[in-house]
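What's in entry-v8.cif: mmCIF, C-alpha atoms
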```cif
data_work
#
loop_
_atom_site.label_atom_id
_atom_site.label_comp_id
_atom_site.auth_asym_id
_atom_site.auth_seq_id
_atom_site.Cartn_x
_atom_site.Cartn_y
_atom_site.Cartn_z
CA MET A 1 38.63 -27.01 -75.78
CA LYS A 2 41.81 -28.39 -74.18
CA VAL A 3 43.45 -28.68 -77.63
CA VAL A 4 42.66 -25.04 -78.39
CA ALA A 5 44.09 -23.99 -75.02
CA VAL A 6 47.33 -25.88 -75.66
CA ILE A 7 47.67 -24.33 -79.13
CA VAL A 8 47.18 -20.86 -77.66
CA LEU A 9 49.80 -21.52 -74.97
CA VAL A 10 52.36 -22.78 -77.49
CA ALA A 11 51.70 -19.80 -79.77
CA LEU A 12 52.11 -17.49 -76.79
CA ALA A 13 55.39 -19.17 -75.92
CA MET A 14 56.75 -18.59 -79.43
CA VAL A 15 55.70 -14.92 -79.39
CA GLN A 16 57.31 -14.39 -76.00
CA LEU A 17 60.47 -16.18 -77.12
CA THR A 18 60.76 -13.77 -80.04
CA MET A 19 60.31 -10.83 -77.66
CA ALA A 20 62.93 -12.28 -75.32
CA ARG A 21 65.46 -12.51 -78.11
CA ARG A 22 64.81 -8.91 -79.07
CA SER A 23 65.12 -7.62 -75.53
CA GLY A 24 67.93 -9.98 -74.52
CA GLY A 25 66.11 -11.21 -71.40
CA VAL A 26 64.05 -14.11 -70.10
CA THR A 27 60.96 -13.67 -67.93
CA CYS A 28 59.05 -16.11 -65.75
CA GLY A 29 55.97 -15.50 -67.90
CA GLN A 30 57.85 -16.82 -70.93
CA VAL A 31 59.17 -19.82 -69.01
CA ASP A 32 55.71 -20.60 -67.61
CA ALA A 33 54.21 -20.48 -71.11
CA THR A 34 56.73 -22.99 -72.48
CA LEU A 35 56.05 -25.50 -69.71
CA ALA A 36 52.28 -25.03 -69.39
CA PRO A 37 51.49 -27.96 -71.77
CA CYS A 38 53.66 -30.20 -69.55
CA VAL A 39 51.64 -29.73 -66.35
CA PRO A 40 49.43 -32.82 -66.93
CA PHE A 41 52.51 -35.02 -67.42
CA LEU A 42 54.38 -33.48 -64.47
CA THR A 43 51.46 -33.97 -62.09
CA GLN A 44 49.89 -37.19 -63.43
CA GLY A 45 52.61 -39.00 -65.40
CA GLY A 46 52.00 -40.86 -68.66
CA GLU A 47 53.50 -39.37 -71.83
CA PRO A 48 54.41 -35.68 -72.20
CA GLY A 49 52.93 -35.15 -75.66
CA ALA A 50 54.11 -33.09 -78.64
CA ALA A 51 53.06 -29.67 -77.29
CA CYS A 52 54.92 -30.30 -74.03
CA CYS A 53 58.10 -31.45 -75.78
CA SER A 54 57.92 -28.43 -78.08
CA GLY A 55 57.85 -26.26 -74.96
CA VAL A 56 60.86 -28.06 -73.45
CA LYS A 57 62.83 -27.47 -76.66
CA THR A 58 61.76 -23.82 -76.65
CA LEU A 59 62.89 -23.47 -73.04
CA LYS A 60 66.32 -24.87 -73.93
CA GLY A 61 66.67 -22.33 -76.74
CA MET A 62 65.56 -19.37 -74.62
CA ALA A 63 68.43 -19.40 -72.12
CA GLN A 64 71.80 -18.99 -73.82
CA SER A 65 73.89 -17.03 -71.33
CA ILE A 66 74.67 -17.99 -67.74
CA ASP A 67 72.42 -15.19 -66.42
CA GLU A 68 69.55 -16.30 -68.65
CA ARG A 69 69.97 -19.92 -67.54
CA ARG A 70 69.95 -18.92 -63.88
CA THR A 71 66.89 -16.71 -64.41
CA ALA A 72 65.09 -19.53 -66.24
CA CYS A 73 66.13 -21.98 -63.51
CA ASN A 74 64.62 -19.78 -60.79
CA CYS A 75 61.43 -19.40 -62.85
CA VAL A 76 61.18 -23.18 -63.31
CA LYS A 77 61.84 -23.71 -59.60
CA ALA A 78 59.09 -21.23 -58.67
CA ALA A 79 56.68 -22.89 -61.10
CA ALA A 80 57.49 -26.34 -59.69
CA ASN A 81 56.74 -25.13 -56.17
CA ARG A 82 53.28 -23.97 -57.24
CA TYR A 83 52.28 -27.58 -57.89
CA THR A 84 52.24 -29.60 -54.67
CA ASN A 85 51.33 -32.72 -56.65
CA LEU A 86 54.30 -32.44 -59.02
CA LYS A 87 55.90 -35.85 -59.48
CA ASP A 88 59.69 -35.67 -59.03
CA ASP A 89 60.30 -38.76 -61.18
CA ALA A 90 58.24 -37.26 -64.01
CA ALA A 91 60.12 -33.96 -63.72
CA GLN A 92 63.47 -35.77 -63.94
CA ALA A 93 62.32 -37.93 -66.85
CA LEU A 94 60.75 -35.13 -68.93
CA PRO A 95 63.83 -33.94 -70.88
CA GLY A 96 64.82 -37.53 -71.72
CA LYS A 97 61.29 -38.36 -72.86
CA CYS A 98 61.41 -35.32 -75.13
CA GLY A 99 64.92 -36.14 -76.39
CA VAL A 100 66.37 -32.91 -75.03
CA ALA A 101 69.54 -32.46 -72.93
CA LEU A 102 68.04 -29.67 -70.82
CA ASP A 103 70.56 -27.78 -68.67
CA ILE A 104 67.82 -26.25 -66.48
CA PRO A 105 66.63 -28.80 -63.90
CA ILE A 106 62.89 -29.09 -63.32
CA SER A 107 62.91 -29.26 -59.54
CA ARG A 108 61.63 -27.53 -56.40
CA THR A 109 65.06 -27.61 -54.74
CA THR A 110 67.63 -26.73 -57.42
CA ASN A 111 70.46 -24.39 -56.43
CA CYS A 112 70.11 -22.11 -59.44
CA ASP A 113 73.23 -20.12 -58.49
CA ALA A 114 75.23 -23.26 -59.32
CA VAL A 115 73.99 -23.43 -62.92
CA ALA A 116 77.10 -23.06 -65.07
CA SER A 117 77.58 -21.23 -68.34
CA GLN A 118 78.45 -24.37 -70.26
CA ALA A 119 76.21 -26.74 -68.34
CA SER A 120 74.43 -29.43 -70.29
CA THR A 121 73.51 -31.62 -67.37
CA PHE A 122 71.03 -34.42 -67.15
CA THR A 123 69.89 -36.83 -64.48
CA CYS A 124 69.68 -40.57 -64.05
CA GLY A 125 65.93 -40.17 -64.33
CA GLN A 126 66.39 -38.88 -67.87
CA VAL A 127 68.77 -41.72 -68.76
CA ASP A 128 66.36 -44.26 -67.27
CA ALA A 129 63.54 -42.85 -69.37
CA THR A 130 65.51 -43.29 -72.60
CA LEU A 131 66.24 -46.95 -71.83
CA ALA A 132 62.90 -47.92 -70.27
CA PRO A 133 61.51 -49.30 -73.59
CA CYS A 134 64.60 -51.55 -73.83
CA VAL A 135 64.00 -53.45 -70.56
CA PRO A 136 62.02 -56.30 -72.22
CA PHE A 137 64.82 -56.86 -74.74
CA LEU A 138 67.57 -56.58 -72.12
CA THR A 139 65.91 -59.10 -69.82
CA GLN A 140 64.22 -61.45 -72.31
CA GLY A 141 66.02 -61.02 -75.64
CA GLY A 142 64.25 -60.98 -79.00
CA ASP A 143 63.97 -57.72 -80.93
CA PRO A 144 64.56 -54.34 -79.22
CA GLY A 145 61.79 -52.54 -81.14
CA ALA A 146 61.54 -49.02 -82.49
CA ALA A 147 60.85 -47.28 -79.16
CA CYS A 148 63.91 -48.88 -77.58
CA CYS A 149 66.18 -47.93 -80.49
CA SER A 150 64.83 -44.38 -80.41
CA GLY A 151 65.82 -44.24 -76.72
CA VAL A 152 69.33 -45.53 -77.47
CA LYS A 153 69.77 -42.81 -80.11
CA THR A 154 68.51 -40.19 -77.66
CA LEU A 155 70.97 -41.42 -75.03
CA LYS A 156 73.84 -41.07 -77.49
CA GLY A 157 72.78 -37.50 -78.27
CA MET A 158 72.43 -36.52 -74.61
CA ALA A 159 76.05 -37.20 -73.61
CA GLN A 160 78.46 -35.02 -75.59
CA SER A 161 81.34 -34.24 -73.23
CA THR A 162 83.54 -36.64 -71.23
CA ASP A 163 81.84 -35.63 -67.97
CA GLU A 164 78.42 -36.18 -69.50
CA ARG A 165 79.41 -39.59 -70.85
CA ARG A 166 80.75 -40.62 -67.44
CA THR A 167 77.56 -39.41 -65.75
CA ALA A 168 75.44 -41.31 -68.26
CA CYS A 169 77.63 -44.39 -67.84
CA ASN A 170 77.13 -44.40 -64.07
CA CYS A 171 73.38 -43.98 -64.55
CA VAL A 172 73.27 -46.87 -67.03
CA LYS A 173 75.39 -49.01 -64.72
CA ALA A 174 73.05 -48.31 -61.78
CA ALA A 175 70.04 -49.16 -63.95
CA ALA A 176 71.64 -52.40 -65.13
CA ASN A 177 72.27 -53.46 -61.54
CA ARG A 178 68.57 -53.04 -60.73
CA TYR A 179 67.75 -55.93 -63.08
CA ALA A 180 69.11 -59.24 -61.79
CA ASN A 181 67.84 -60.97 -64.94
CA LEU A 182 69.58 -58.61 -67.36
CA LYS A 183 71.15 -60.62 -70.19
CA ASP A 184 74.76 -59.55 -70.79
CA ASP A 185 74.71 -60.71 -74.41
CA ALA A 186 71.57 -58.68 -75.10
CA ALA A 187 73.11 -55.61 -73.43
CA GLN A 188 76.24 -55.90 -75.57
CA ALA A 189 74.23 -56.45 -78.74
CA LEU A 190 71.72 -53.62 -78.23
CA PRO A 191 73.64 -50.71 -79.83
CA SER A 192 74.45 -52.67 -83.01
CA LYS A 193 70.87 -53.97 -83.23
CA CYS A 194 69.75 -50.35 -83.19
CA GLY A 195 72.45 -49.25 -85.62
CA VAL A 196 74.04 -46.91 -83.06
CA ALA A 197 77.74 -46.62 -82.16
CA LEU A 198 77.08 -46.07 -78.46
CA ASP A 199 80.17 -45.16 -76.42
CA ILE A 200 78.39 -45.82 -73.11
CA PRO A 201 78.49 -49.56 -72.30
CA ILE A 202 75.31 -51.14 -70.95
CA SER A 203 76.86 -53.21 -68.20
CA ARG A 204 76.82 -53.82 -64.44
CA THR A 205 80.62 -53.70 -64.18
CA THR A 206 81.83 -50.83 -66.41
CA ASN A 207 84.62 -48.63 -65.06
CA CYS A 208 82.92 -45.35 -65.95
CA ASP A 209 85.93 -43.28 -64.87
CA ALA A 210 87.85 -44.76 -67.81
CA ILE A 211 85.46 -43.31 -70.39
CA SER A 212 87.06 -40.48 -72.35
#
```

Here is a file; write its structure as structure tokens.
Amino acid sequence: MKVVAVIVLVALAMVQLTMARRSGGVTCGQVDATLAPCVPFLTQGGEPGAACCSGVKTLKGMAQSIDERRTACNCVKAAANRYTNLKDDAAQALPGKCGVALDIPISRTTNCDAVASQASTFTCGQVDATLAPCVPFLTQGGDPGAACCSGVKTLKGMAQSTDERRTACNCVKAAANRYANLKDDAAQALPSKCGVALDIPISRTTNCDAIS
């Protein structure tokens, strides 16, 4: 029954997205439909699931202009405030877990008027989520594994501009400093082990302001 409900919600989201494109607007009903499959993850944690991540990607595609992004942001904010048991860490981690650089924060307190036309922001929670599968390798060595390498590739795709790379760098640096047993040689070797040319060093001492 739950599977059928999720399928219906996703189908509804796609229909409403098509209508939004035709009318040139975004409504809270459309936004709610895209995020409905994510409610279990946002309130209980775990893994978001394919239907949820599909909704996150749909949400990103819905809001193209600054007005649409601000409208979508206010809709997301209103939806977040309807769930008193929403987990802030899950909300921050959701885009990263879905491999999406979402420029509409999932938060009860976002200042939606500050959402910019070219924003492609992300949070340290999202960066942390991409690297979480790598912690065993970074602290113990061995092989990073497929989930870790997938996270490294997601991290590379999240940070496109200089500001985004510097933000990601500071998030990675903060994460690295949380692990006293982080192995520097493993951190340096991780991108090449995953076959990724990562321009964000995994280090406790990086000067992130020097990243171009």

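Atom CA of A:Asn111 lies 22.1 Å from atom CA of A:Cys38.
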
field: Picked residues, the PyMOL selection byres ((chain A and resi 197) around 12), as a PyMOL selection string
entry: chain A and resi 149+152-153+155-157+188-196+198-201

d(atom CA of A:Thr205, atom CA of A:Ala175) in Å: 11.5 Å

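Ranking A:Ala33, A:Gly61, A:Val26, A:Leu94 by their shortest atom-to-atom distance to A:Glu47, with all atoms listed in the file included, puts A:Leu94 first.
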
- request: For the file shown, report as a ChimeraX atom specification the outcome of the PyMOL selection byres ((chain A and resi 48) around 9) at residue level.
  value: /A:37-42,45-47,49-53,94,97-98

field: Residue IDs satisfying the PyMOL selection byres ((chain A and resi 60) around 12), as a ChimeraX atom specification
entry: /A:17,26,31,34-35,53-59,61-65,68-69,72-73,76,95,98-106,119-121

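Restricting the calculation to all atoms listed in the file, the smallest distance between A:Ile66 and any of A:Glu164, A:Asp89, A:Asp209, A:Asp113 is found for A:Asp113.
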
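One finds atom CA of A:Ser107 at 6.2 Å from atom CA of A:Ala80.
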
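Using all atoms listed in the file for every distance, the candidate list A:Thr167, A:Thr130, A:Thr43, A:Asn74 yields A:Thr43 as the residue closest to A:Lys87.
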
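Residues lying within 8 Å of A:Leu138, counting all atoms listed in the file and ignoring same-chain neighbours fewer than 6 positions away, are Leu182, Lys183, Asp184, Ala186, Ala187 and Leu190 of chain A.
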
- request: Tell me, as a ChimeraX atom specification, which residues lie within 6 Å of A:Ala93, counting all atoms listed in the file; anything in the same chain fewer than 4 positions away does not count.
  value: /A:125-126,129

For A:Arg166, work out the shell of residues within 7 Å, counting all atoms listed in the file and skipping chain neighbours fewer than 3 positions away, then give it as a compact mmCIF listing (two decimals) with C-alpha atoms, in the coordinates of the input.
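Once written, out-v8.txt looks like this:
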```txt
# COMPACT_ATOMS: atom_id res chain seq x y z
CA THR A 162 83.54 -36.64 -71.23
CA ASP A 163 81.84 -35.63 -67.97
CA CYS A 169 77.63 -44.39 -67.84
CA ASN A 170 77.13 -44.40 -64.07
CA CYS A 208 82.92 -45.35 -65.95
CA ASP A 209 85.93 -43.28 -64.87
CA ILE A 211 85.46 -43.31 -70.39
```

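With distances restricted to all atoms listed in the file, A:Val127 is the closest residue to A:Gly151 from A:Ser212, A:Lys173, A:Val127, A:Gly29.
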
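Between A:Ala132 and the candidates A:Ser161, A:Arg70, A:Ala176, A:Lys77, the tightest atom-to-atom separation, counting only C-alpha atoms, involves A:Ala176.
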
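For the choices A:Cys124, A:Thr154, A:Cys75, A:Asn85, the atom-to-atom distance to A:Thr27 is smallest for A:Cys75 when using only C-alpha atoms.
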